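Okay, model-v8.pdb is below, PDB, C-alpha atoms and all ligand atoms:
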ATOM      1  CA  MET A   1      96.860 142.366 182.753  1.00  0.00           C
ATOM      2  CA  LYS A   2      96.827 139.545 180.237  1.00  0.00           C
ATOM      3  CA  VAL A   3      97.106 135.817 180.894  1.00  0.00           C
ATOM      4  CA  GLU A   4      98.663 133.489 178.326  1.00  0.00           C
ATOM      5  CA  ILE A   5      97.862 129.820 178.841  1.00  0.00           C
ATOM      6  CA  ILE A   6     100.856 127.657 177.939  1.00  0.00           C
ATOM      7  CA  ASN A   7     100.343 123.956 177.174  1.00  0.00           C
ATOM      8  CA  GLN A   8     102.705 121.803 179.186  1.00  0.00           C
ATOM      9  CA  LEU A   9     103.578 118.098 179.045  1.00  0.00           C
ATOM     10  CA  LYS A  10     100.544 115.918 178.248  1.00  0.00           C
ATOM     11  CA  ASP A  11      97.680 117.858 179.806  1.00  0.00           C
ATOM     12  CA  ASN A  12      99.218 120.458 182.152  1.00  0.00           C
ATOM     13  CA  TYR A  13      98.842 124.216 181.998  1.00  0.00           C
ATOM     14  CA  SER A  14     101.273 126.929 183.004  1.00  0.00           C
ATOM     15  CA  PHE A  15     100.425 130.645 182.847  1.00  0.00           C
ATOM     16  CA  VAL A  16     102.315 133.752 181.842  1.00  0.00           C
ATOM     17  CA  LEU A  17     100.892 136.994 183.259  1.00  0.00           C
ATOM     18  CA  TYR A  18     102.049 140.152 181.510  1.00  0.00           C
ATOM     19  CA  ASN A  19     101.136 143.685 180.485  1.00  0.00           C
ATOM     20  CA  ASP A  20     102.482 146.601 178.464  1.00  0.00           C
ATOM     21  CA  THR A  21     105.403 147.137 180.852  1.00  0.00           C
ATOM     22  CA  LEU A  22     106.829 143.876 179.388  1.00  0.00           C
ATOM     23  CA  LYS A  23     107.273 142.518 182.903  1.00  0.00           C
ATOM     24  CA  SER A  24     105.832 139.066 183.465  1.00  0.00           C
ATOM     25  CA  CYS A  25     105.172 136.351 186.047  1.00  0.00           C
ATOM     26  CA  VAL A  26     104.913 132.623 185.504  1.00  0.00           C
ATOM     27  CA  ILE A  27     102.699 130.227 187.409  1.00  0.00           C
ATOM     28  CA  ASP A  28     103.519 126.515 187.811  1.00  0.00           C
ATOM     29  CA  PRO A  29     106.147 125.998 185.101  1.00  0.00           C
ATOM     30  CA  ALA A  30     106.578 122.333 184.091  1.00  0.00           C
ATOM     31  CA  ASP A  31     108.476 122.715 180.814  1.00  0.00           C
ATOM     32  CA  SER A  32     110.409 125.951 180.391  1.00  0.00           C
ATOM     33  CA  THR A  33     110.801 125.685 176.582  1.00  0.00           C
ATOM     34  CA  PRO A  34     107.287 126.731 175.441  1.00  0.00           C
ATOM     35  CA  ILE A  35     107.162 129.323 178.232  1.00  0.00           C
ATOM     36  CA  LEU A  36     110.449 130.919 177.173  1.00  0.00           C
ATOM     37  CA  ASN A  37     109.420 130.767 173.506  1.00  0.00           C
ATOM     38  CA  PHE A  38     106.336 132.860 174.293  1.00  0.00           C
ATOM     39  CA  VAL A  39     108.279 135.223 176.555  1.00  0.00           C
ATOM     40  CA  PHE A  40     111.045 135.862 174.007  1.00  0.00           C
ATOM     41  CA  GLU A  41     108.614 136.269 171.101  1.00  0.00           C
ATOM     42  CA  ASN A  42     106.882 139.012 173.075  1.00  0.00           C
ATOM     43  CA  ASN A  43     110.059 140.629 174.457  1.00  0.00           C
ATOM     44  CA  LEU A  44     108.923 139.948 178.016  1.00  0.00           C
ATOM     45  CA  PHE A  45     111.077 139.782 181.108  1.00  0.00           C
ATOM     46  CA  ILE A  46     110.172 137.221 183.800  1.00  0.00           C
ATOM     47  CA  GLU A  47     110.421 138.681 187.308  1.00  0.00           C
ATOM     48  CA  ASP A  48     108.436 136.239 189.443  1.00  0.00           C
ATOM     49  CA  ILE A  49     107.527 132.567 189.511  1.00  0.00           C
ATOM     50  CA  PHE A  50     104.618 131.362 191.662  1.00  0.00           C
ATOM     51  CA  ILE A  51     104.191 127.693 192.534  1.00  0.00           C
ATOM     52  CA  THR A  52     101.013 126.092 193.908  1.00  0.00           C
ATOM     53  CA  HIS A  53     102.439 122.788 195.244  1.00  0.00           C
ATOM     54  CA  HIS A  54     105.461 120.552 195.176  1.00  0.00           C
ATOM     55  CA  HIS A  55     104.523 118.116 192.366  1.00  0.00           C
ATOM     56  CA  GLU A  56     107.097 117.954 189.619  1.00  0.00           C
ATOM     57  CA  ASP A  57     104.602 118.736 186.840  1.00  0.00           C
ATOM     58  CA  HIS A  58     104.202 122.178 188.450  1.00  0.00           C
ATOM     59  CA  THR A  59     107.848 122.895 189.270  1.00  0.00           C
ATOM     60  CA  SER A  60     110.217 121.216 186.808  1.00  0.00           C
ATOM     61  CA  GLY A  61     110.351 124.266 184.533  1.00  0.00           C
ATOM     62  CA  VAL A  62     111.884 126.497 187.215  1.00  0.00           C
ATOM     63  CA  LYS A  63     115.483 125.562 186.327  1.00  0.00           C
ATOM     64  CA  GLY A  64     115.184 126.508 182.660  1.00  0.00           C
ATOM     65  CA  ILE A  65     113.604 129.853 183.536  1.00  0.00           C
ATOM     66  CA  LEU A  66     116.332 130.540 186.103  1.00  0.00           C
ATOM     67  CA  ASN A  67     118.970 129.909 183.434  1.00  0.00           C
ATOM     68  CA  ALA A  68     117.367 132.528 181.199  1.00  0.00           C
ATOM     69  CA  PHE A  69     116.440 134.971 183.989  1.00  0.00           C
ATOM     70  CA  PRO A  70     118.847 134.463 186.929  1.00  0.00           C
ATOM     71  CA  GLU A  71     117.245 137.281 188.960  1.00  0.00           C
ATOM     72  CA  VAL A  72     113.749 135.744 188.950  1.00  0.00           C
ATOM     73  CA  LYS A  73     112.086 135.563 192.381  1.00  0.00           C
ATOM     74  CA  ILE A  74     110.616 132.167 193.189  1.00  0.00           C
ATOM     75  CA  HIS A  75     107.610 132.042 195.510  1.00  0.00           C
ATOM     76  CA  SER A  76     106.243 128.732 196.801  1.00  0.00           C
ATOM     77  CA  PRO A  77     104.442 127.279 199.810  1.00  0.00           C
ATOM     78  CA  ASN A  78     107.303 125.007 200.757  1.00  0.00           C
ATOM     79  CA  ALA A  79     110.998 125.701 201.438  1.00  0.00           C
ATOM     80  CA  GLN A  80     111.789 122.199 200.176  1.00  0.00           C
ATOM     81  CA  ILE A  81     110.728 123.105 196.660  1.00  0.00           C
ATOM     82  CA  GLU A  82     114.034 123.695 194.915  1.00  0.00           C
ATOM     83  CA  ASN A  83     115.135 127.331 194.455  1.00  0.00           C
ATOM     84  CA  THR A  84     112.313 128.742 196.623  1.00  0.00           C
ATOM     85  CA  ARG A  85     113.240 132.246 197.762  1.00  0.00           C
ATOM     86  CA  PHE A  86     109.965 133.307 199.400  1.00  0.00           C
ATOM     87  CA  VAL A  87     107.799 130.860 201.344  1.00  0.00           C
ATOM     88  CA  LEU A  88     104.125 131.861 201.260  1.00  0.00           C
ATOM     89  CA  ARG A  89     101.623 131.143 204.022  1.00  0.00           C
ATOM     90  CA  ASP A  90      97.847 131.209 204.365  1.00  0.00           C
ATOM     91  CA  GLN A  91      96.384 134.724 204.135  1.00  0.00           C
ATOM     92  CA  ASP A  92      99.671 136.299 202.990  1.00  0.00           C
ATOM     93  CA  GLU A  93      99.356 139.186 200.565  1.00  0.00           C
ATOM     94  CA  VAL A  94     102.135 139.057 198.020  1.00  0.00           C
ATOM     95  CA  ASN A  95     102.974 141.611 195.369  1.00  0.00           C
ATOM     96  CA  SER A  96     104.278 140.461 192.014  1.00  0.00           C
ATOM     97  CA  CYS A  97     105.775 142.833 189.460  1.00  0.00           C
ATOM     98  CA  LEU A  98     102.235 143.198 188.041  1.00  0.00           C
ATOM     99  CA  ASN A  99      99.564 142.558 190.634  1.00  0.00           C
ATOM    100  CA  ALA A 100      98.746 141.488 194.179  1.00  0.00           C
ATOM    101  CA  PHE A 101      97.830 137.953 195.185  1.00  0.00           C
ATOM    102  CA  LYS A 102      96.100 136.794 198.299  1.00  0.00           C
ATOM    103  CA  ILE A 103      97.359 133.365 199.344  1.00  0.00           C
ATOM    104  CA  ILE A 104      94.774 130.781 200.365  1.00  0.00           C
ATOM    105  CA  LYS A 105      95.973 127.474 201.790  1.00  0.00           C
ATOM    106  CA  THR A 106      94.108 124.509 200.285  1.00  0.00           C
ATOM    107  CA  PRO A 107      95.502 121.219 201.673  1.00  0.00           C
ATOM    108  CA  GLY A 108      94.110 117.955 200.312  1.00  0.00           C
ATOM    109  CA  HIS A 109      95.754 117.176 196.970  1.00  0.00           C
ATOM    110  CA  THR A 110      99.065 117.837 198.762  1.00  0.00           C
ATOM    111  CA  LEU A 111      99.608 119.199 202.265  1.00  0.00           C
ATOM    112  CA  ASP A 112     101.527 122.217 200.976  1.00  0.00           C
ATOM    113  CA  HIS A 113      99.001 123.297 198.329  1.00  0.00           C
ATOM    114  CA  ILE A 114      98.161 127.020 198.065  1.00  0.00           C
ATOM    115  CA  ILE A 115      96.115 128.978 195.528  1.00  0.00           C
ATOM    116  CA  TYR A 116      96.675 132.494 194.207  1.00  0.00           C
ATOM    117  CA  TYR A 117      93.713 134.878 194.290  1.00  0.00           C
ATOM    118  CA  ASP A 118      93.894 138.252 192.554  1.00  0.00           C
ATOM    119  CA  GLU A 119      90.750 139.863 193.903  1.00  0.00           C
ATOM    120  CA  LYS A 120      91.204 143.149 192.052  1.00  0.00           C
ATOM    121  CA  ASN A 121      91.504 141.574 188.616  1.00  0.00           C
ATOM    122  CA  GLY A 122      89.110 138.734 189.482  1.00  0.00           C
ATOM    123  CA  PHE A 123      91.504 135.855 188.739  1.00  0.00           C
ATOM    124  CA  LEU A 124      92.197 132.650 190.634  1.00  0.00           C
ATOM    125  CA  PHE A 125      95.065 130.272 189.891  1.00  0.00           C
ATOM    126  CA  CYS A 126      94.088 127.102 191.706  1.00  0.00           C
ATOM    127  CA  GLY A 127      96.669 124.487 190.654  1.00  0.00           C
ATOM    128  CA  ASP A 128      95.349 120.990 191.341  1.00  0.00           C
ATOM    129  CA  THR A 129      92.742 121.881 193.976  1.00  0.00           C
ATOM    130  CA  LEU A 130      89.796 122.592 191.654  1.00  0.00           C
ATOM    131  CA  PHE A 131      89.357 121.463 188.062  1.00  0.00           C
ATOM    132  CA  ARG A 132      86.515 122.317 185.713  1.00  0.00           C
ATOM    133  CA  LEU A 133      83.753 119.884 186.789  1.00  0.00           C
ATOM    134  CA  GLY A 134      86.128 118.111 189.161  1.00  0.00           C
ATOM    135  CA  CYS A 135      88.767 118.467 191.817  1.00  0.00           C
ATOM    136  CA  GLY A 136      92.262 117.179 192.489  1.00  0.00           C
ATOM    137  CA  ARG A 137      92.906 113.683 193.745  1.00  0.00           C
ATOM    138  CA  VAL A 138      93.456 113.546 197.505  1.00  0.00           C
ATOM    139  CA  PHE A 139      97.054 112.304 197.788  1.00  0.00           C
ATOM    140  CA  GLU A 140      98.382 113.718 201.043  1.00  0.00           C
ATOM    141  CA  GLY A 141      95.512 115.309 202.965  1.00  0.00           C
ATOM    142  CA  THR A 142      92.182 113.907 204.123  1.00  0.00           C
ATOM    143  CA  LEU A 143      88.835 114.078 202.357  1.00  0.00           C
ATOM    144  CA  ASN A 144      87.774 116.512 205.067  1.00  0.00           C
ATOM    145  CA  GLU A 145      90.694 118.825 204.339  1.00  0.00           C
ATOM    146  CA  MET A 146      89.966 118.747 200.600  1.00  0.00           C
ATOM    147  CA  PHE A 147      86.270 119.470 201.218  1.00  0.00           C
ATOM    148  CA  ASN A 148      87.162 122.478 203.393  1.00  0.00           C
ATOM    149  CA  SER A 149      89.700 123.702 200.828  1.00  0.00           C
ATOM    150  CA  LEU A 150      87.094 123.595 198.061  1.00  0.00           C
ATOM    151  CA  GLN A 151      84.640 125.478 200.275  1.00  0.00           C
ATOM    152  CA  LYS A 152      87.173 128.309 200.498  1.00  0.00           C
ATOM    153  CA  ILE A 153      86.982 128.627 196.696  1.00  0.00           C
ATOM    154  CA  ASN A 154      83.187 128.274 196.783  1.00  0.00           C
ATOM    155  CA  LYS A 155      83.015 131.417 198.942  1.00  0.00           C
ATOM    156  CA  LEU A 156      84.980 133.698 196.593  1.00  0.00           C
ATOM    157  CA  ASP A 157      83.324 136.258 194.323  1.00  0.00           C
ATOM    158  CA  LYS A 158      81.116 134.336 191.888  1.00  0.00           C
ATOM    159  CA  ASN A 159      82.523 136.272 188.925  1.00  0.00           C
ATOM    160  CA  THR A 160      86.052 134.987 189.575  1.00  0.00           C
ATOM    161  CA  ILE A 161      87.763 133.644 186.464  1.00  0.00           C
ATOM    162  CA  ILE A 162      89.521 130.389 187.289  1.00  0.00           C
ATOM    163  CA  TYR A 163      92.687 128.938 185.774  1.00  0.00           C
ATOM    164  CA  CYS A 164      93.431 125.356 186.849  1.00  0.00           C
ATOM    165  CA  GLY A 165      96.459 123.105 186.358  1.00  0.00           C
ATOM    166  CA  HIS A 166      95.121 120.388 184.047  1.00  0.00           C
ATOM    167  CA  GLU A 167      92.815 119.747 181.092  1.00  0.00           C
ATOM    168  CA  TYR A 168      90.658 117.025 182.683  1.00  0.00           C
ATOM    169  CA  THR A 169      87.282 118.557 181.844  1.00  0.00           C
ATOM    170  CA  LEU A 170      85.845 116.002 179.399  1.00  0.00           C
ATOM    171  CA  ASN A 171      86.760 113.091 181.639  1.00  0.00           C
ATOM    172  CA  ASN A 172      85.199 114.901 184.608  1.00  0.00           C
ATOM    173  CA  LEU A 173      82.042 115.559 182.628  1.00  0.00           C
ATOM    174  CA  ASN A 174      81.777 111.913 181.538  1.00  0.00           C
ATOM    175  CA  PHE A 175      82.178 110.862 185.162  1.00  0.00           C
ATOM    176  CA  LEU A 176      79.490 113.194 186.535  1.00  0.00           C
ATOM    177  CA  GLU A 177      77.000 112.212 183.830  1.00  0.00           C
ATOM    178  CA  LYS A 178      77.560 108.537 184.505  1.00  0.00           C
ATOM    179  CA  ILE A 179      77.511 108.517 188.295  1.00  0.00           C
ATOM    180  CA  LEU A 180      74.661 110.990 188.768  1.00  0.00           C
ATOM    181  CA  LYS A 181      72.586 109.447 185.959  1.00  0.00           C
ATOM    182  CA  LYS A 182      71.484 112.954 185.020  1.00  0.00           C
ATOM    183  CA  GLU A 183      72.756 113.299 181.488  1.00  0.00           C
ATOM    184  CA  GLU A 184      70.041 115.788 180.577  1.00  0.00           C
ATOM    185  CA  ALA A 185      71.224 118.151 183.342  1.00  0.00           C
ATOM    186  CA  TYR A 186      74.601 118.408 181.609  1.00  0.00           C
ATOM    187  CA  LEU A 187      73.420 118.949 178.024  1.00  0.00           C
ATOM    188  CA  THR A 188      74.107 122.694 177.979  1.00  0.00           C
ATOM    189  CA  VAL A 189      77.401 122.239 179.812  1.00  0.00           C
ATOM    190  CA  ARG A 190      78.539 119.622 177.315  1.00  0.00           C
ATOM    191  CA  SER A 191      77.804 121.840 174.338  1.00  0.00           C
ATOM    192  CA  LYS A 192      79.596 124.796 175.983  1.00  0.00           C
ATOM    193  CA  ILE A 193      82.645 122.637 176.711  1.00  0.00           C
ATOM    194  CA  ASN A 194      82.689 121.214 173.187  1.00  0.00           C
ATOM    195  CA  GLU A 195      82.520 124.767 171.878  1.00  0.00           C
ATOM    196  CA  ASP A 196      85.479 125.827 174.072  1.00  0.00           C
ATOM    197  CA  LEU A 197      87.525 122.801 173.021  1.00  0.00           C
ATOM    198  CA  ASN A 198      86.744 123.297 169.329  1.00  0.00           C
ATOM    199  CA  ASN A 199      87.462 127.027 169.358  1.00  0.00           C
ATOM    200  CA  LYS A 200      90.440 127.252 171.720  1.00  0.00           C
ATOM    201  CA  GLY A 201      91.660 123.682 172.101  1.00  0.00           C
ATOM    202  CA  LYS A 202      91.128 124.082 175.839  1.00  0.00           C
ATOM    203  CA  SER A 203      88.272 124.387 178.294  1.00  0.00           C
ATOM    204  CA  ILE A 204      89.829 126.956 180.615  1.00  0.00           C
ATOM    205  CA  PRO A 205      89.537 129.503 182.043  1.00  0.00           C
ATOM    206  CA  PHE A 206      86.069 129.103 183.520  1.00  0.00           C
ATOM    207  CA  LEU A 207      83.744 131.087 185.728  1.00  0.00           C
ATOM    208  CA  LEU A 208      83.202 130.232 189.401  1.00  0.00           C
ATOM    209  CA  GLN A 209      79.485 130.871 189.054  1.00  0.00           C
ATOM    210  CA  ASP A 210      79.153 128.187 186.349  1.00  0.00           C
ATOM    211  CA  GLU A 211      81.070 125.700 188.462  1.00  0.00           C
ATOM    212  CA  GLN A 212      78.771 126.364 191.383  1.00  0.00           C
ATOM    213  CA  SER A 213      75.842 125.119 189.307  1.00  0.00           C
ATOM    214  CA  TYR A 214      77.384 121.923 187.925  1.00  0.00           C
ATOM    215  CA  ASN A 215      80.526 120.926 189.824  1.00  0.00           C
ATOM    216  CA  LEU A 216      79.205 118.893 192.746  1.00  0.00           C
ATOM    217  CA  PHE A 217      82.713 118.431 194.172  1.00  0.00           C
ATOM    218  CA  LEU A 218      82.732 122.187 194.744  1.00  0.00           C
ATOM    219  CA  ASN A 219      79.131 123.018 195.600  1.00  0.00           C
ATOM    220  CA  GLN A 220      76.504 120.582 196.832  1.00  0.00           C
ATOM    221  CA  ASN A 221      73.796 123.238 197.205  1.00  0.00           C
ATOM    222  CA  SER A 222      72.944 123.918 193.575  1.00  0.00           C
ATOM    223  CA  LYS A 223      69.567 122.809 192.234  1.00  0.00           C
ATOM    224  CA  LEU A 224      71.200 119.625 190.929  1.00  0.00           C
ATOM    225  CA  GLY A 225      73.218 119.041 194.135  1.00  0.00           C
ATOM    226  CA  THR A 226      70.141 119.422 196.316  1.00  0.00           C
ATOM    227  CA  LEU A 227      68.245 116.906 194.176  1.00  0.00           C
ATOM    228  CA  ILE A 228      71.085 114.352 194.291  1.00  0.00           C
ATOM    229  CA  LYS A 229      71.547 114.734 198.061  1.00  0.00           C
ATOM    230  CA  LYS A 230      67.855 114.076 198.564  1.00  0.00           C
ATOM    231  CA  GLU A 231      67.860 111.037 196.262  1.00  0.00           C
ATOM    232  CA  LEU A 232      70.890 109.480 197.958  1.00  0.00           C
ATOM    233  CA  GLY A 233      70.229 110.714 201.500  1.00  0.00           C
ATOM    234  CA  LEU A 234      73.629 112.373 201.830  1.00  0.00           C
ATOM    235  CA  THR A 235      74.997 115.507 203.519  1.00  0.00           C
ATOM    236  CA  ASP A 236      77.168 118.004 201.613  1.00  0.00           C
ATOM    237  CA  PHE A 237      80.384 116.372 202.814  1.00  0.00           C
ATOM    238  CA  GLU A 238      79.081 112.841 202.206  1.00  0.00           C
ATOM    239  CA  LEU A 239      78.182 113.704 198.614  1.00  0.00           C
ATOM    240  CA  PHE A 240      81.650 115.176 198.062  1.00  0.00           C
ATOM    241  CA  ALA A 241      83.332 112.090 199.611  1.00  0.00           C
ATOM    242  CA  TYR A 242      81.128 109.719 197.580  1.00  0.00           C
ATOM    243  CA  LEU A 243      82.067 111.472 194.336  1.00  0.00           C
ATOM    244  CA  ARG A 244      85.778 111.768 195.145  1.00  0.00           C
ATOM    245  CA  LYS A 245      86.079 108.066 196.054  1.00  0.00           C
ATOM    246  CA  ALA A 246      84.159 106.950 192.961  1.00  0.00           C
ATOM    247  CA  LYS A 247      86.265 109.221 190.734  1.00  0.00           C
ATOM    248  CA  ASP A 248      89.486 107.594 192.000  1.00  0.00           C
ATOM    249  CA  SER A 249      88.584 104.384 190.162  1.00  0.00           C
ATOM    250  CA  PHE A 250      86.772 105.898 187.153  1.00  0.00           C
TER     251      PHE A 250
HETATM  252 ZN    ZN A 301      99.571 117.905 191.609  1.00  0.00          ZN
END

Translate the structure of the given file into structure tokens.
Amino acid sequence: MKVEIINQLKDNYSFVLYNDTLKSCVIDPADSTPILNFVFENNLFIEDIFITHHHEDHTSGVKGILNAFPEVKIHSPNAQIENTRFVLRDQDEVNSCLNAFKIIKTPGHTLDHIIYYDEKNGFLFCGDTLFRLGCGRVFEGTLNEMFNSLQKINKLDKNTIIYCGHEYTLNNLNFLEKILKKEEAYLTVRSKINEDLNNKGKSIPFLLQDEQSYNLFLNQNSKLGTLIKKELGLTDFELFAYLRKAKDSF
């Protein structure tokens, strides 16, 4: 199975999953035009759309895709998301035309947020729950809910390849360097990210294992996380909450 990352709006990502059968699925469409351009150029047929949460920058492309493919099945966590045909719940197993996803509920950014885990292929589509070196803003849930949601990702197979909903990586990196005052700890990360951005114009996908070392929103028990917790006298949750609150005004 291949994954095409489609640039959307200012800094959003949507994804087209496809293989040699020419069937395809779309995740979080915001703007249908570049998605349909890719699909038509490759003679693909869209059978399923999967949505992570109700925000418009993850759903507004549904209409355009429906116009082109009226039979498309729309899966979302929330019946109020327009055109939803299948409502997905925590721990559901859902088959697309190409693969199987396990649904993991991750409230925090929104209350309806879910993520799509393809264990067999080792992919995770995490919407606005986790970003590279950051996490989503807590709009609807509590900090506790967001912390628990991120821990669910932290427990997945460390070789999972993660596709997130936005290109916020450089800003997240600048934030972590500044607040932790540990610029030297991020030297290798910065050069890897610069390399990704120079070569591909984007910093995703990324590997869970790498995030577990450097993303202190996700994992507070890395070498760096343990050091920071000791310096500041904080628990895992307190370190997460401290970072999330500080990031809101960065
Ligand atoms: Zn969102």

Original post:
So how far away is CA of Thr160 in chain A from CA of Leu124 in chain A, in Å?
Top reply: 6.7 Å

**OP:** Fewer than 3 positions away in the same chain doesn't count, so skip those; otherwise give me all residues within 10 Å of Leu130 in chain A, counting all atoms listed in the file, as a VMD selection string.
**Re:** chain A and resid 106 109 115 125 to 127 133 to 137 146 149 to 150 153 162 to 166 211 215 217 to 218

Include C-alpha atoms and write out the residues we just selected as a PDB file, in the frame of the given file.
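Writing done, so here's out24.pdb:
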ATOM      1  CA  THR A 106      94.108 124.509 200.285  1.00  0.00           C
ATOM      2  CA  HIS A 109      95.754 117.176 196.970  1.00  0.00           C
ATOM      3  CA  ILE A 115      96.115 128.978 195.528  1.00  0.00           C
ATOM      4  CA  PHE A 125      95.065 130.272 189.891  1.00  0.00           C
ATOM      5  CA  CYS A 126      94.088 127.102 191.706  1.00  0.00           C
ATOM      6  CA  GLY A 127      96.669 124.487 190.654  1.00  0.00           C
ATOM      7  CA  LEU A 133      83.753 119.884 186.789  1.00  0.00           C
ATOM      8  CA  GLY A 134      86.128 118.111 189.161  1.00  0.00           C
ATOM      9  CA  CYS A 135      88.767 118.467 191.817  1.00  0.00           C
ATOM     10  CA  GLY A 136      92.262 117.179 192.489  1.00  0.00           C
ATOM     11  CA  ARG A 137      92.906 113.683 193.745  1.00  0.00           C
ATOM     12  CA  MET A 146      89.966 118.747 200.600  1.00  0.00           C
ATOM     13  CA  SER A 149      89.700 123.702 200.828  1.00  0.00           C
ATOM     14  CA  LEU A 150      87.094 123.595 198.061  1.00  0.00           C
ATOM     15  CA  ILE A 153      86.982 128.627 196.696  1.00  0.00           C
ATOM     16  CA  ILE A 162      89.521 130.389 187.289  1.00  0.00           C
ATOM     17  CA  TYR A 163      92.687 128.938 185.774  1.00  0.00           C
ATOM     18  CA  CYS A 164      93.431 125.356 186.849  1.00  0.00           C
ATOM     19  CA  GLY A 165      96.459 123.105 186.358  1.00  0.00           C
ATOM     20  CA  HIS A 166      95.121 120.388 184.047  1.00  0.00           C
ATOM     21  CA  GLU A 211      81.070 125.700 188.462  1.00  0.00           C
ATOM     22  CA  ASN A 215      80.526 120.926 189.824  1.00  0.00           C
ATOM     23  CA  PHE A 217      82.713 118.431 194.172  1.00  0.00           C
ATOM     24  CA  LEU A 218      82.732 122.187 194.744  1.00  0.00           C
TER      25      LEU A 218
END

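Restricting the calculation to only C-alpha atoms and all ligand atoms, the smallest distance between ligand ZN 301 (chain A) and any of A:Asp28, A:Asp90, A:Glu4, A:Asp157 is found for A:Asp28.
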
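By all atoms listed in the file, and with residues fewer than 4 positions from Pro77 in chain A along its chain excluded, the set lying at most 9 Å from it is Ile51, Thr52, His53, His54, Ile81, Thr84, Phe86, Val87, Leu88, Arg89, Asp90, Lys105, Asp112, His113 and Ile114 of chain A.
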
The selected residues should be written to file as an mmCIF file, in the frame of the given file (atoms: C-alpha atoms).
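Done, and the output landed in again-v1.cif:
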data_model
loop_
_atom_site.group_PDB
_atom_site.id
_atom_site.type_symbol
_atom_site.label_atom_id
_atom_site.label_comp_id
_atom_site.auth_asym_id
_atom_site.auth_seq_id
_atom_site.Cartn_x
_atom_site.Cartn_y
_atom_site.Cartn_z
ATOM 1 C CA ILE A 51 104.191 127.693 192.534
ATOM 2 C CA THR A 52 101.013 126.092 193.908
ATOM 3 C CA HIS A 53 102.439 122.788 195.244
ATOM 4 C CA HIS A 54 105.461 120.552 195.176
ATOM 5 C CA ILE A 81 110.728 123.105 196.660
ATOM 6 C CA THR A 84 112.313 128.742 196.623
ATOM 7 C CA PHE A 86 109.965 133.307 199.400
ATOM 8 C CA VAL A 87 107.799 130.860 201.344
ATOM 9 C CA LEU A 88 104.125 131.861 201.260
ATOM 10 C CA ARG A 89 101.623 131.143 204.022
ATOM 11 C CA ASP A 90 97.847 131.209 204.365
ATOM 12 C CA LYS A 105 95.973 127.474 201.790
ATOM 13 C CA ASP A 112 101.527 122.217 200.976
ATOM 14 C CA HIS A 113 99.001 123.297 198.329
ATOM 15 C CA ILE A 114 98.161 127.020 198.065
#

Original post:
Do you know which residues the PyMOL selection byres (((chain A and resi 73) around 12) and not hetatm) returns on this file, as a count of residues only?
Top reply: 29

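Distances to Asn19 in chain A were evaluated for A:Val138, A:Asp31, A:Leu44, A:Ala241 using all atoms listed in the file, and the minimum falls at A:Leu44.
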
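With all atoms listed in the file as the basis for measurement, A:Ser14 is the residue among A:Asn221, A:Asn172, A:Thr188, A:Ser14 that approaches Leu36 in chain A most closely.
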
**OP:** Expand the PyMOL selection byres (((chain A and resi 100) around 10) and not hetatm) into the individual residues it matches in the shown file, reporting them as a list in words.
**Re:** Glu93, Val94, Asn95, Ser96, Cys97, Leu98, Asn99, Phe101, Lys102, Ile103, Tyr116, Tyr117, Asp118, Glu119, Lys120 and Asn121 of chain A
